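As provided, final11.cif (mmCIF, C-alpha atoms) reads as follows.
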data_protein
loop_
_atom_site.label_atom_id
_atom_site.label_comp_id
_atom_site.auth_asym_id
_atom_site.auth_seq_id
_atom_site.Cartn_x
_atom_site.Cartn_y
_atom_site.Cartn_z
CA MET C 1 -7.13 31.39 38.01
CA THR C 2 -9.43 31.78 35.01
CA CYS C 3 -13.01 30.52 34.77
CA ASP C 4 -11.91 28.05 32.07
CA GLU C 5 -9.44 26.47 34.46
CA ALA C 6 -11.88 26.56 37.34
CA GLU C 7 -14.55 24.93 35.21
CA ILE C 8 -12.45 21.75 35.07
CA LEU C 9 -10.85 21.97 38.49
CA LEU C 10 -14.07 22.50 40.41
CA HIS C 11 -14.93 18.89 39.59
CA ALA C 12 -11.68 17.75 41.13
CA LEU C 13 -12.54 19.91 44.14
CA LEU C 14 -15.97 18.31 44.34
CA ASP C 15 -14.42 14.84 44.14
CA GLY C 16 -11.79 15.54 46.78
CA GLU C 17 -8.98 15.02 44.27
CA LEU C 18 -7.13 18.33 44.75
CA ASP C 19 -4.17 18.83 47.04
CA ALA C 20 -4.56 21.50 49.70
CA GLY C 21 -2.79 24.19 47.68
CA HIS C 22 -4.87 23.78 44.54
CA ALA C 23 -8.05 23.39 46.56
CA ARG C 24 -7.38 26.79 48.15
CA GLU C 25 -6.81 28.34 44.72
CA VAL C 26 -10.06 27.00 43.31
CA GLU C 27 -11.96 27.98 46.43
CA ALA C 28 -10.51 31.49 46.21
CA HIS C 29 -11.66 31.79 42.60
CA ILE C 30 -15.11 30.51 43.44
CA ALA C 31 -15.45 32.91 46.36
CA GLY C 32 -15.08 35.79 43.90
CA CYS C 33 -16.98 34.32 40.93
CA PRO C 34 -20.75 33.80 41.23
CA ARG C 35 -20.87 31.91 37.95
CA CYS C 36 -18.34 29.27 39.00
CA ALA C 37 -19.89 29.16 42.49
CA ALA C 38 -23.25 28.38 40.91
CA GLN C 39 -21.65 25.57 38.91
CA LEU C 40 -20.05 24.00 41.93
CA ARG C 41 -23.32 24.17 43.86
CA SER C 42 -25.29 22.73 40.99
CA TYR C 43 -22.88 19.87 40.36
CA ARG C 44 -22.76 19.07 44.05
CA GLU C 45 -26.55 18.83 44.19
CA MET C 46 -26.56 16.65 41.10
CA SER C 47 -23.87 14.40 42.52
CA ASN C 48 -25.85 13.97 45.75
CA ALA C 49 -29.04 13.25 43.84
CA VAL C 50 -27.32 10.59 41.71
CA SER C 51 -25.86 9.06 44.84
CA ASP C 52 -29.27 9.04 46.56
CA ALA C 53 -30.87 7.45 43.50
CA ASP C 54 -28.55 4.46 43.97
CA LEU C 55 -27.76 3.30 40.46
CA HIS C 56 -26.18 0.05 41.61
CA TYR C 57 -27.45 -3.26 40.32
CA ALA C 58 -27.27 -6.54 42.23
CA ALA C 59 -25.99 -9.43 40.14
CA PRO C 60 -28.87 -11.88 39.61
CA PRO C 61 -28.50 -15.06 41.71
CA ALA C 62 -28.58 -17.15 38.51
CA LEU C 63 -25.56 -15.26 37.15
CA ARG C 64 -23.75 -15.75 40.43
CA ARG C 65 -24.42 -19.48 40.27
CA ARG C 66 -23.28 -19.62 36.66
CA ILE C 67 -19.98 -17.93 37.45
CA GLU C 68 -19.45 -19.94 40.63
CA ALA C 69 -19.97 -23.12 38.63
CA ALA C 70 -17.59 -22.01 35.87
CA LEU C 71 -14.73 -21.30 38.30
CA PRO C 72 -12.53 -24.16 39.50
CA GLN C 73 -13.52 -25.46 42.91
CA PRO C 74 -10.99 -25.29 45.71
CA ARG C 75 -10.55 -28.79 47.16
CA ALA C 76 -11.18 -29.92 50.71
CA THR C 77 -7.45 -30.26 51.38
CA SER C 78 -6.96 -26.52 51.19
CA ARG C 79 -9.86 -26.04 53.57
CA ARG C 80 -8.23 -28.37 56.04
CA SER C 81 -4.93 -26.57 55.78
CA LEU C 82 -6.82 -23.32 56.28
CA LEU C 83 -8.39 -24.83 59.36
CA ARG C 84 -4.96 -25.83 60.68
CA GLY C 85 -3.92 -22.22 60.19
CA PHE C 86 -6.74 -21.10 62.41
CA ALA C 87 -6.08 -23.77 65.00
CA MET C 88 -2.44 -22.73 65.19
CA GLY C 89 -3.41 -19.30 66.39
CA SER C 90 -4.08 -16.82 63.61
CA ALA C 91 -5.42 -13.44 64.59
CA VAL C 92 -9.00 -14.57 64.29
CA SER C 93 -8.72 -17.92 66.02
CA ALA C 94 -10.53 -16.57 69.07
CA MET C 95 -13.44 -15.64 66.83
CA ALA C 96 -13.24 -18.96 65.05
CA ALA C 97 -13.61 -20.66 68.39
CA THR C 98 -17.34 -20.07 68.59
CA GLY C 99 -18.71 -18.99 65.25
CA LEU C 100 -22.12 -20.28 64.40
CA VAL C 101 -23.61 -20.75 60.97
CA ALA C 102 -27.22 -21.62 60.29
CA ILE C 103 -28.00 -22.56 56.74
CA VAL C 104 -30.99 -23.06 54.56
CA LEU C 105 -30.43 -25.19 51.51
CA ARG C 106 -31.73 -28.06 49.50
CA ASN C 107 -31.24 -31.58 50.82
CA ASP C 108 -28.91 -33.27 48.38
CA ASP C 109 -25.17 -33.68 48.68
CA GLU C 110 -25.33 -33.06 52.37
CA GLN C 111 -21.78 -33.93 53.27
CA ARG C 112 -20.29 -31.73 50.57
CA ILE C 113 -22.56 -28.87 51.55
CA LEU C 114 -21.73 -29.32 55.23
CA SER C 115 -18.09 -28.98 54.27
CA GLU C 116 -18.85 -25.87 52.20
CA VAL C 117 -20.75 -24.38 55.11
CA VAL C 118 -17.72 -24.76 57.32
CA SER C 119 -15.60 -23.26 54.56
CA ALA C 120 -17.97 -20.29 54.25
CA HIS C 121 -17.84 -19.90 58.00
CA LEU C 122 -14.04 -19.80 57.95
CA ARG C 123 -14.04 -17.32 55.07
CA SER C 124 -16.34 -15.02 56.99
CA LEU C 125 -13.84 -14.83 59.83
CA GLN C 126 -11.16 -13.30 57.65
CA ALA C 127 -10.70 -9.60 58.15
CA GLY C 128 -13.49 -7.53 56.64
CA HIS C 129 -15.52 -10.52 55.45
CA LEU C 130 -17.93 -10.88 58.33
CA THR C 131 -20.68 -8.36 57.57
CA ASP C 132 -21.91 -6.36 54.59
CA VAL C 133 -24.48 -4.55 56.71
CA VAL C 134 -23.69 -3.80 60.34
CA SER C 135 -26.62 -3.26 62.66
CA THR C 136 -28.03 -4.55 65.91
CA ASP C 137 -31.54 -3.77 64.63
CA GLN C 138 -33.41 -6.61 62.94
CA HIS C 139 -35.51 -4.01 61.07
CA THR C 140 -32.31 -2.75 59.42
CA VAL C 141 -30.76 -6.11 58.63
CA LYS C 142 -33.87 -7.79 57.20
CA PRO C 143 -34.67 -5.18 54.51
CA TRP C 144 -31.00 -5.09 53.50
CA PHE C 145 -31.44 -8.55 51.97
CA ASN C 146 -34.34 -7.40 49.78
CA GLY C 147 -33.39 -7.55 46.11
CA ARG C 148 -30.13 -9.29 46.90
CA LEU C 149 -31.60 -12.76 47.30
CA ASP C 150 -34.49 -14.84 46.02
CA VAL C 151 -35.62 -15.47 49.59
CA SER C 152 -36.18 -13.23 52.57
CA PRO C 153 -34.06 -14.57 55.43
CA PRO C 154 -35.70 -14.45 58.86
CA VAL C 155 -33.79 -11.96 60.98
CA ILE C 156 -34.54 -12.29 64.67
CA ASP C 157 -33.01 -10.35 67.51
CA LEU C 158 -31.94 -12.87 70.15
CA THR C 159 -30.07 -10.41 72.36
CA VAL C 160 -32.13 -11.11 75.48
CA GLN C 161 -31.63 -14.82 74.87
CA GLY C 162 -27.86 -14.30 74.91
CA PHE C 163 -27.13 -14.10 71.18
CA MET C 164 -26.55 -10.54 69.96
CA LEU C 165 -27.45 -9.63 66.39
CA ILE C 166 -24.54 -7.75 64.77
CA GLY C 167 -25.32 -7.67 61.05
CA GLY C 168 -25.77 -9.53 57.79
CA ARG C 169 -23.91 -10.56 54.68
CA LEU C 170 -24.32 -12.36 51.37
CA ASP C 171 -22.45 -15.63 51.11
CA TYR C 172 -22.20 -18.56 48.74
CA VAL C 173 -22.58 -22.23 49.42
CA ASP C 174 -22.91 -24.91 46.78
CA GLY C 175 -22.73 -22.20 44.13
CA ARG C 176 -25.78 -20.45 45.53
CA ALA C 177 -26.12 -17.01 47.01
CA LEU C 178 -27.61 -17.06 50.47
CA GLY C 179 -28.06 -14.66 53.33
CA ALA C 180 -25.86 -14.81 56.38
CA VAL C 181 -27.20 -13.22 59.54
CA VAL C 182 -24.41 -12.66 62.01
CA TYR C 183 -24.73 -13.00 65.77
CA LYS C 184 -22.33 -12.94 68.67
CA ARG C 185 -22.30 -14.89 71.90
CA ARG C 186 -19.99 -13.23 74.40
CA SER C 187 -16.98 -12.24 72.25
CA HIS C 188 -17.70 -14.96 69.73
CA VAL C 189 -19.03 -14.55 66.23
CA ILE C 190 -22.15 -16.31 65.02
CA ASN C 191 -23.20 -16.57 61.37
CA LEU C 192 -26.72 -17.33 60.16
CA PHE C 193 -27.02 -18.23 56.44
CA VAL C 194 -30.43 -18.29 54.79
CA ALA C 195 -31.56 -19.59 51.40
CA GLN C 196 -34.51 -21.42 49.93
CA GLY C 197 -34.85 -25.11 50.72
CA ALA C 198 -37.06 -28.13 50.27
CA ASN C 199 -40.62 -28.10 51.54
CA ALA C 200 -40.10 -31.06 53.84
CA GLU C 201 -39.84 -30.36 57.55
CA HIS C 202 -36.84 -31.84 59.38
CA ARG C 203 -36.26 -31.99 63.09
CA ALA C 204 -32.98 -30.48 64.25
CA ARG C 205 -29.94 -32.72 64.25
CA THR C 206 -26.36 -31.99 65.28
CA GLU C 207 -23.26 -33.20 63.46
CA THR C 208 -19.55 -32.47 63.62
CA VAL C 209 -17.57 -31.54 60.51
CA GLN C 210 -13.90 -30.53 60.56
CA GLY C 211 -14.14 -29.78 64.26
CA PHE C 212 -17.23 -27.62 63.96
CA ASN C 213 -20.65 -28.55 65.25
CA ILE C 214 -23.46 -28.14 62.76
CA ARG C 215 -27.07 -28.02 63.81
CA ARG C 216 -29.42 -28.49 60.92
CA TRP C 217 -33.19 -28.19 60.65
CA SER C 218 -35.90 -27.32 58.16
CA GLU C 219 -39.02 -25.32 58.55
CA ARG C 220 -41.54 -23.66 56.23
CA GLY C 221 -39.56 -24.31 53.06
CA LEU C 222 -36.26 -23.30 54.60
CA ASN C 223 -33.45 -25.68 55.59
CA TYR C 224 -31.33 -24.35 58.43
CA TRP C 225 -27.78 -25.39 59.18
CA ALA C 226 -26.24 -23.98 62.30
CA VAL C 227 -22.47 -24.38 62.28
CA SER C 228 -20.32 -23.65 65.26
CA ASP C 229 -17.39 -24.62 67.33
CA LEU C 230 -19.46 -23.73 70.31
CA GLY C 231 -20.15 -26.84 72.32
CA ALA C 232 -23.05 -28.90 71.11
CA ASP C 233 -25.08 -27.78 74.13
CA GLU C 234 -24.75 -24.08 73.37
CA LEU C 235 -25.40 -24.72 69.70
CA THR C 236 -28.55 -26.58 70.64
CA GLU C 237 -29.55 -23.66 72.84
CA PHE C 238 -29.15 -21.24 69.93
CA GLY C 239 -31.19 -23.45 67.62
CA GLU C 240 -33.99 -23.90 70.13
CA LYS C 241 -34.19 -20.21 70.97
CA PHE C 242 -34.13 -19.26 67.31
CA GLU C 243 -36.96 -21.68 66.52
CA ALA C 244 -38.95 -20.57 69.55
CA ALA C 245 -38.57 -16.92 68.51
CA MET C 246 -39.61 -17.84 64.96
CA ARG C 247 -42.76 -19.53 66.23
CA SER C 248 -43.73 -16.66 68.49
CA SER C 249 -43.06 -14.07 65.78
CA THR C 250 -45.29 -15.81 63.24
CA SER C 251 -48.07 -17.10 65.50
CA MET X 252 5.10 -33.24 40.86
CA PRO X 253 1.47 -33.42 39.93
CA MET X 254 0.31 -33.46 43.56
CA GLY X 255 2.02 -30.19 44.40
CA GLY X 256 0.70 -28.64 41.22
CA SER X 257 -2.91 -29.49 41.97
CA ASP X 258 -2.55 -28.21 45.53
CA ASP X 259 -1.34 -24.93 44.04
CA ASP X 260 -4.30 -24.92 41.65
CA SER X 261 -6.70 -25.46 44.51
CA GLU X 262 -5.10 -22.69 46.52
CA ARG X 263 -5.15 -20.42 43.49
CA ALA X 264 -8.85 -21.15 42.89
CA ARG X 265 -9.63 -20.32 46.50
CA ARG X 266 -7.63 -17.09 46.38
CA PHE X 267 -9.33 -16.01 43.17
CA ARG X 268 -12.79 -16.69 44.56
CA ASP X 269 -12.08 -14.82 47.77
CA ALA X 270 -10.56 -11.86 45.92
CA ALA X 271 -12.85 -11.53 42.91
CA LEU X 272 -16.33 -12.73 43.85
CA PRO X 273 -17.02 -10.00 46.43
CA HIS X 274 -16.91 -7.48 43.54
CA LEU X 275 -19.52 -9.25 41.44
CA ASP X 276 -22.23 -6.64 42.06
CA ASP X 277 -19.86 -3.81 41.12
CA VAL X 278 -18.76 -5.55 37.94
CA TYR X 279 -22.37 -6.29 37.04
CA THR X 280 -23.35 -2.67 37.74
CA LEU X 281 -20.70 -1.36 35.35
CA ALA X 282 -21.75 -3.90 32.71
CA ARG X 283 -25.39 -2.79 32.98
CA HIS X 284 -24.45 0.87 32.59
CA LEU X 285 -22.03 0.29 29.72
CA LEU X 286 -24.10 -2.18 27.71
CA ARG X 287 -27.62 -1.06 28.72
CA ASP X 288 -28.87 -4.60 28.19
CA THR X 289 -29.45 -7.22 30.88
CA ALA X 290 -28.58 -10.33 28.88
CA ASP X 291 -25.47 -8.76 27.31
CA ALA X 292 -24.38 -7.53 30.73
CA GLU X 293 -24.65 -11.02 32.22
CA ASP X 294 -22.63 -12.54 29.39
CA ALA X 295 -19.99 -9.83 29.70
CA VAL X 296 -19.66 -10.33 33.46
CA GLN X 297 -19.19 -14.07 33.06
CA GLU X 298 -16.60 -13.54 30.34
CA CYS X 299 -14.88 -10.98 32.57
CA TYR X 300 -14.53 -13.47 35.42
CA LEU X 301 -13.16 -16.17 33.14
CA ARG X 302 -10.60 -13.76 31.67
CA ALA X 303 -9.70 -12.49 35.13
CA LEU X 304 -9.07 -16.05 36.31
CA LYS X 305 -6.85 -16.65 33.30
CA HIS X 306 -4.77 -13.56 34.08
CA PHE X 307 -4.89 -13.89 37.85
CA ASP X 308 -1.29 -15.12 38.04
CA GLY X 309 -0.11 -11.84 36.56
CA TYR X 310 -2.23 -9.77 38.91
CA ARG X 311 -0.08 -7.65 41.21
CA GLY X 312 -2.70 -5.52 42.94
CA PRO X 313 -3.18 -3.41 44.90
CA ALA X 314 -6.86 -2.96 44.13
CA MET X 315 -8.91 -5.88 42.77
CA LYS X 316 -11.97 -3.81 41.88
CA PRO X 317 -10.40 -1.49 39.26
CA TRP X 318 -8.53 -4.45 37.82
CA LEU X 319 -11.78 -6.38 37.32
CA LEU X 320 -13.54 -3.29 35.96
CA ALA X 321 -10.76 -2.79 33.41
CA ILE X 322 -11.21 -6.37 32.20
CA LEU X 323 -14.97 -5.91 32.09
CA ARG X 324 -14.50 -2.75 30.06
CA ASN X 325 -12.38 -4.61 27.51
CA VAL X 326 -15.06 -7.27 27.22
CA CYS X 327 -17.62 -4.50 26.64
CA ARG X 328 -15.46 -2.89 23.94
CA ALA X 329 -15.51 -6.20 22.09
CA GLU X 330 -19.28 -6.28 22.44
CA PHE X 331 -19.49 -2.72 21.05
CA ALA X 332 -17.44 -3.83 18.07
CA ARG X 333 -19.74 -6.79 17.54
CA ARG X 334 -22.82 -4.56 17.71
CA ALA X 335 -21.26 -2.10 15.29
CA SER X 336 -20.53 -4.83 12.76
CA SER X 337 -23.95 -6.43 13.10
CA ALA X 338 -25.41 -2.90 12.87
CA THR X 339 -28.60 -3.98 14.55
CA ALA X 340 -27.96 -1.80 17.55
CA PRO X 341 -26.10 1.37 16.59
CA ILE X 342 -23.82 2.78 19.26
CA ASP X 343 -23.47 6.43 20.05
CA ASP X 344 -19.72 6.67 20.36
CA VAL X 345 -18.90 10.34 20.58
CA SER X 346 -15.28 11.39 20.44
CA ASP X 347 -13.67 13.78 22.87
CA ASP X 348 -13.28 16.54 20.30
CA THR X 349 -16.55 18.18 21.20
CA GLU X 350 -14.51 20.59 23.26
CA GLN X 351 -15.74 23.62 21.30
CA THR X 352 -19.18 23.53 22.79
CA PRO X 353 -19.37 25.33 26.13
CA LEU X 354 -19.45 23.21 29.26
CA TRP X 355 -21.86 25.38 31.14
CA HIS X 356 -25.19 26.33 29.66
CA GLU X 357 -26.45 29.48 31.31
CA THR X 358 -30.10 29.48 32.06
CA GLN X 359 -31.79 32.78 31.46
CA ASP X 360 -34.23 32.28 34.29
CA THR X 361 -34.33 33.29 37.89
CA PRO X 362 -31.84 31.86 40.38
CA GLU X 363 -34.57 29.60 41.76
CA THR X 364 -34.82 27.65 38.52
CA GLN X 365 -31.04 27.18 38.54
CA VAL X 366 -31.52 24.88 41.49
CA LEU X 367 -31.78 21.31 40.32
CA ARG X 368 -35.12 19.90 41.21
CA ARG X 369 -35.17 16.39 42.67
CA ARG X 370 -35.65 13.71 40.07
CA ASP X 371 -36.83 10.21 40.82
CA ALA X 372 -34.38 7.33 40.50
CA THR X 373 -35.94 6.06 37.26
CA THR X 374 -35.49 9.42 35.57
CA ILE X 375 -31.92 9.76 36.80
CA ARG X 376 -31.16 6.24 35.58
CA ARG X 377 -32.50 7.15 32.13
CA LEU X 378 -30.61 10.45 31.98
CA VAL X 379 -27.36 8.65 32.82
CA ALA X 380 -28.11 5.93 30.27
CA ASP X 381 -28.61 8.63 27.62
CA LEU X 382 -25.09 10.03 28.08
CA ALA X 383 -22.79 9.33 25.14
CA GLU X 384 -20.45 6.38 25.61
CA PRO X 385 -17.00 7.65 26.74
CA PHE X 386 -18.61 10.21 29.07
CA ARG X 387 -21.09 7.78 30.59
CA GLU X 388 -18.27 5.35 31.30
CA THR X 389 -16.19 7.93 33.16
CA PHE X 390 -19.24 9.27 34.96
CA VAL X 391 -20.31 5.81 36.18
CA LEU X 392 -16.80 4.91 37.33
CA ARG X 393 -16.66 8.11 39.37
CA GLU X 394 -20.20 8.60 40.68
CA ILE X 395 -21.40 5.03 41.05
CA GLN X 396 -18.23 2.96 41.42
CA ASN X 397 -16.54 5.64 43.51
CA LEU X 398 -13.13 5.19 41.88
CA SER X 399 -10.43 7.83 42.20
CA TYR X 400 -9.30 9.72 39.08
CA ARG X 401 -6.13 7.65 39.01
CA GLU X 402 -8.09 4.40 39.18
CA ILE X 403 -10.45 5.57 36.43
CA ALA X 404 -7.42 6.43 34.29
CA GLU X 405 -6.15 2.87 34.80
CA VAL X 406 -9.49 1.32 33.95
CA ILE X 407 -10.01 3.28 30.72
CA GLY X 408 -6.33 3.36 29.78
CA ALA X 409 -6.17 7.13 29.41
CA PRO X 410 -4.29 9.94 31.20
CA VAL X 411 -5.80 11.56 34.30
CA GLY X 412 -6.26 14.76 32.29
CA THR X 413 -8.60 12.92 29.93
CA VAL X 414 -10.53 11.60 32.92
CA MET X 415 -10.96 15.15 34.21
CA SER X 416 -12.14 16.62 30.92
CA ARG X 417 -14.52 13.71 30.25
CA LEU X 418 -15.97 13.94 33.72
CA ALA X 419 -16.49 17.71 33.40
CA ARG X 420 -18.21 17.15 30.06
CA ALA X 421 -20.28 14.23 31.34
CA ARG X 422 -21.60 16.28 34.23
CA ALA X 423 -22.29 19.27 31.98
CA MET X 424 -24.23 17.08 29.56
CA LEU X 425 -26.15 15.43 32.36
CA ARG X 426 -27.01 18.76 33.92
CA THR X 427 -28.23 20.14 30.60
CA ALA X 428 -30.46 17.10 30.08
CA TRP X 429 -31.59 17.32 33.70
CA MET X 430 -32.68 20.94 33.31
CA ALA X 431 -34.41 20.23 29.98
CA GLU X 432 -36.26 17.37 31.63
CA GLU X 433 -37.61 19.74 34.24
CA GLU X 434 -38.69 22.34 31.75
CA GLN X 435 -40.61 19.84 29.66
CA PRO X 436 -41.99 17.21 31.99
CA THR X 437 -43.25 14.24 30.05
#

Go ahead and express the file in the form of C-alpha cells.
Amino acid sequence: MTCDEAEILLHALLDGELDAGHAREVEAHIAGCPRCAAQLRSYREMSNAVSDADLHYAAPPALRRRIEAALPQPRATSRRSLLRGFAMGSAVSAMAATGLVAIVLRNDDEQRILSEVVSAHLRSLQAGHLTDVVSTDQHTVKPWFNGRLDVSPPVIDLTVQGFMLIGGRLDYVDGRALGAVVYKRRSHVINLFVAQGANAEHRARTETVQGFNIRRWSERGLNYWAVSDLGADELTEFGEKFEAAMRSSTS
Amino acid sequence: MPMGGSDDDSERARRFRDAALPHLDDVYTLARHLLRDTADAEDAVQECYLRALKHFDGYRGPAMKPWLLAILRNVCRAEFARRASSATAPIDDVSDDTEQTPLWHETQDTPETQVLRRRDATTIRRLVADLAEPFRETFVLREIQNLSYREIAEVIGAPVGTVMSRLARARAMLRTAWMAEEEQPT
C-alpha cells in the first residue's frame, strides 16, 4: 500500500468503516510508516477533541412549539385504540400497568392536556422511548436538562420512599417541551414531566382519564400532573412523598 | 369513506410525530452548522419537517435520521441559492477539484508541536464553521451526527468515494487551521 492510498484509508480505519482485511493492510502500512502513523494519531486526537467539545445544538423550545403546532394533531380516537392495544397485552402492558406521570403546565384546556399527558405517558412506554438519560443519581439527571428546557425540573431521589429514580427524558405536551423524570415502583415505570406553569398554588387533586389516575398540583410556579394506572392510593403516596421531599430540600 | 380516511390521517400524524420529532435536535444541529445563522436554521428546520410530512407516505426507511437530514440539506441548498442571488451573504462554495494541494502539511518543528493542543469548544466551533461548504457538511455528518459513510453518501447524494475524499480533505483543512491557531494565538 502506498502513502497516497493510506492517506485516504486511514480515515476509514479511524471511523471503523474498513473490513477486517483492509484494516489489517492499512495497519500494516502504518506500522512501517512514521509519517502515516503520525497522521492517524493526529486525526484521532482531533476527532476526540471535536467529540469532547460537543458541537450539538438543542432546538429552541419556541421552534419545537412552532413545528408541533404546524403538524396535524393525532385525534383522541387513535389514542384510545392505542390504549386498547396496551390493554390487550402488548409487550409493554406490564409497564403500562403502573406508569406515573407528573406534569407541570399552564392551567387552561385542562381536559385536553390531561388527555395529552396520558398520550405522552403511553408513548414513553414504547421501546426505547422511556429515557434519554439513564441514571439513578439525581445529580446526573438534573443537570442533563440544563439548556434543553426553559425550566429546571426538580429531580428528587425517592428510592428510600419506594420510588426509584431511573432517568429523564424530554417530552411534549400541548406543543410544549417539558422534562420527564422517570421513576419505578417495583417493576413499574413512573414518569415525571416538568415545565413552567402558572404562579397560582393548587392543592393536589386526583382524576381518572382513559383508565389512568392523574394527580395534579401546583407549587412555586410549577404545575404538577402525576399520571398513573397505579391505584389512587399509591399515586397519592407518590405525590405526598414528592412534595414532602421538595419541602425538605428547599427549607 | 371519509371516516376511514380521517382515521388514517390521524394515525399517520401520530406515526410521523413519533418517528420524526425525536430527531429535532439533530436536524437543528445540522441546520446550524450548514447555515451558520440561528434564524435561517430555525426556518430551514421547520420547512424540513413540513416537507418530510408531505413525503412521509413514500418513506420506506430504515433510518429516519439520515432521511430527515437529506431533506434538511435540500432545504439548505435552496437557502444557499437564495443567498447567492441576493448576494448579501456570499457563500464559500469550494469545489472538490482542489485535489492538487497536499492533504498533509508537514510541520517543520519538533514532534512535540505535532501533537494537537487542546482547544476550547468555542474555538473548535469556529474552526469547523470556517471549513468550506462541501467539506464542512461531510465533516459534520460524520463527526457530529455520527452517520456511516453509506448514510452520508445517501444524505449528500454522492458516491461513498466522494464522501471519503471530502472527509480526508475536511480533516486535513481543519488540522491545518488548528495548528495555525496554536502558532498564532489571538

Tell me the residues of chain C close to chain X, meaning within 6 Å using all atoms listed in the file, as a tab-separated table (two decimals) with C-alpha atoms, in the coordinates of the input.
chain	number	residue	atom	x	y	z
C	8	ILE	CA	-12.45	21.75	35.07
C	53	ALA	CA	-30.87	7.45	43.50
C	56	HIS	CA	-26.18	0.05	41.61
C	57	TYR	CA	-27.45	-3.26	40.32
C	58	ALA	CA	-27.27	-6.54	42.23
C	59	ALA	CA	-25.99	-9.43	40.14
C	67	ILE	CA	-19.98	-17.93	37.45
C	72	PRO	CA	-12.53	-24.16	39.50
C	74	PRO	CA	-10.99	-25.29	45.71
C	75	ARG	CA	-10.55	-28.79	47.16

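Evaluated on this file, the PyMOL selection byres ((chain X and resi 322-327) around 7) matches Val278, Leu286, Ala295, Val296, Cys299, Ala303, Trp318, Leu319, Leu320, Ala321, Arg328, Ala329, Glu330 and Phe331 of chain X.
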
If you keep C-alpha atoms, can you produce a file of those selected residues as a PDB file, in the frame of the given file?
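Result file selection.pdb:
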ATOM      1  CA  VAL X 278     -18.760  -5.550  37.940  1.00  0.00           C
ATOM      2  CA  LEU X 286     -24.100  -2.180  27.710  1.00  0.00           C
ATOM      3  CA  ALA X 295     -19.990  -9.830  29.700  1.00  0.00           C
ATOM      4  CA  VAL X 296     -19.660 -10.330  33.460  1.00  0.00           C
ATOM      5  CA  CYS X 299     -14.880 -10.980  32.570  1.00  0.00           C
ATOM      6  CA  ALA X 303      -9.700 -12.490  35.130  1.00  0.00           C
ATOM      7  CA  TRP X 318      -8.530  -4.450  37.820  1.00  0.00           C
ATOM      8  CA  LEU X 319     -11.780  -6.380  37.320  1.00  0.00           C
ATOM      9  CA  LEU X 320     -13.540  -3.290  35.960  1.00  0.00           C
ATOM     10  CA  ALA X 321     -10.760  -2.790  33.410  1.00  0.00           C
ATOM     11  CA  ARG X 328     -15.460  -2.890  23.940  1.00  0.00           C
ATOM     12  CA  ALA X 329     -15.510  -6.200  22.090  1.00  0.00           C
ATOM     13  CA  GLU X 330     -19.280  -6.280  22.440  1.00  0.00           C
ATOM     14  CA  PHE X 331     -19.490  -2.720  21.050  1.00  0.00           C
TER      15      PHE X 331
END

- Identify which of the residues X:Asp291, X:Tyr310, X:Val411, X:Ala383 lies closest to X:Arg334, counting only C-alpha atoms when measuring atom-to-atom distances.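 Going through X:Asp291, X:Tyr310, X:Val411, X:Ala383 one by one, the smallest distance to X:Arg334 is for X:Asp291.
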
- Message: I'd like the interatomic distance between atom CA of C:Val134 and atom CA of C:Pro61, to a tenth of an Å.
- Response: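 We find that atom CA of C:Val134 and atom CA of C:Pro61 lie 22.3 Å from each other.
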
- Query: Which distance in Å separates atom CA of C:Ser135 and atom CA of C:Leu165, to one decimal?
  - Reply: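 Answer for the atom CA of C:Ser135 to atom CA of C:Leu165 separation: 7.4 Å.
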
- Task: List the residues selected by the PyMOL selection byres ((chain C and resi 245) around 12) in the file shown, writing them as a ChimeraX atom specification.
- Result: /C:154-161,238-244,246-251

- Query: Which polymer residues have any atom within 9 Å of an atom of C:Arg176, counting all atoms listed in the file, with same-chain residues fewer than 2 positions away left out, as a PyMOL selection string?
  - Reply: chain C and resi 61-62+64-65+68+105+171-174+178+195
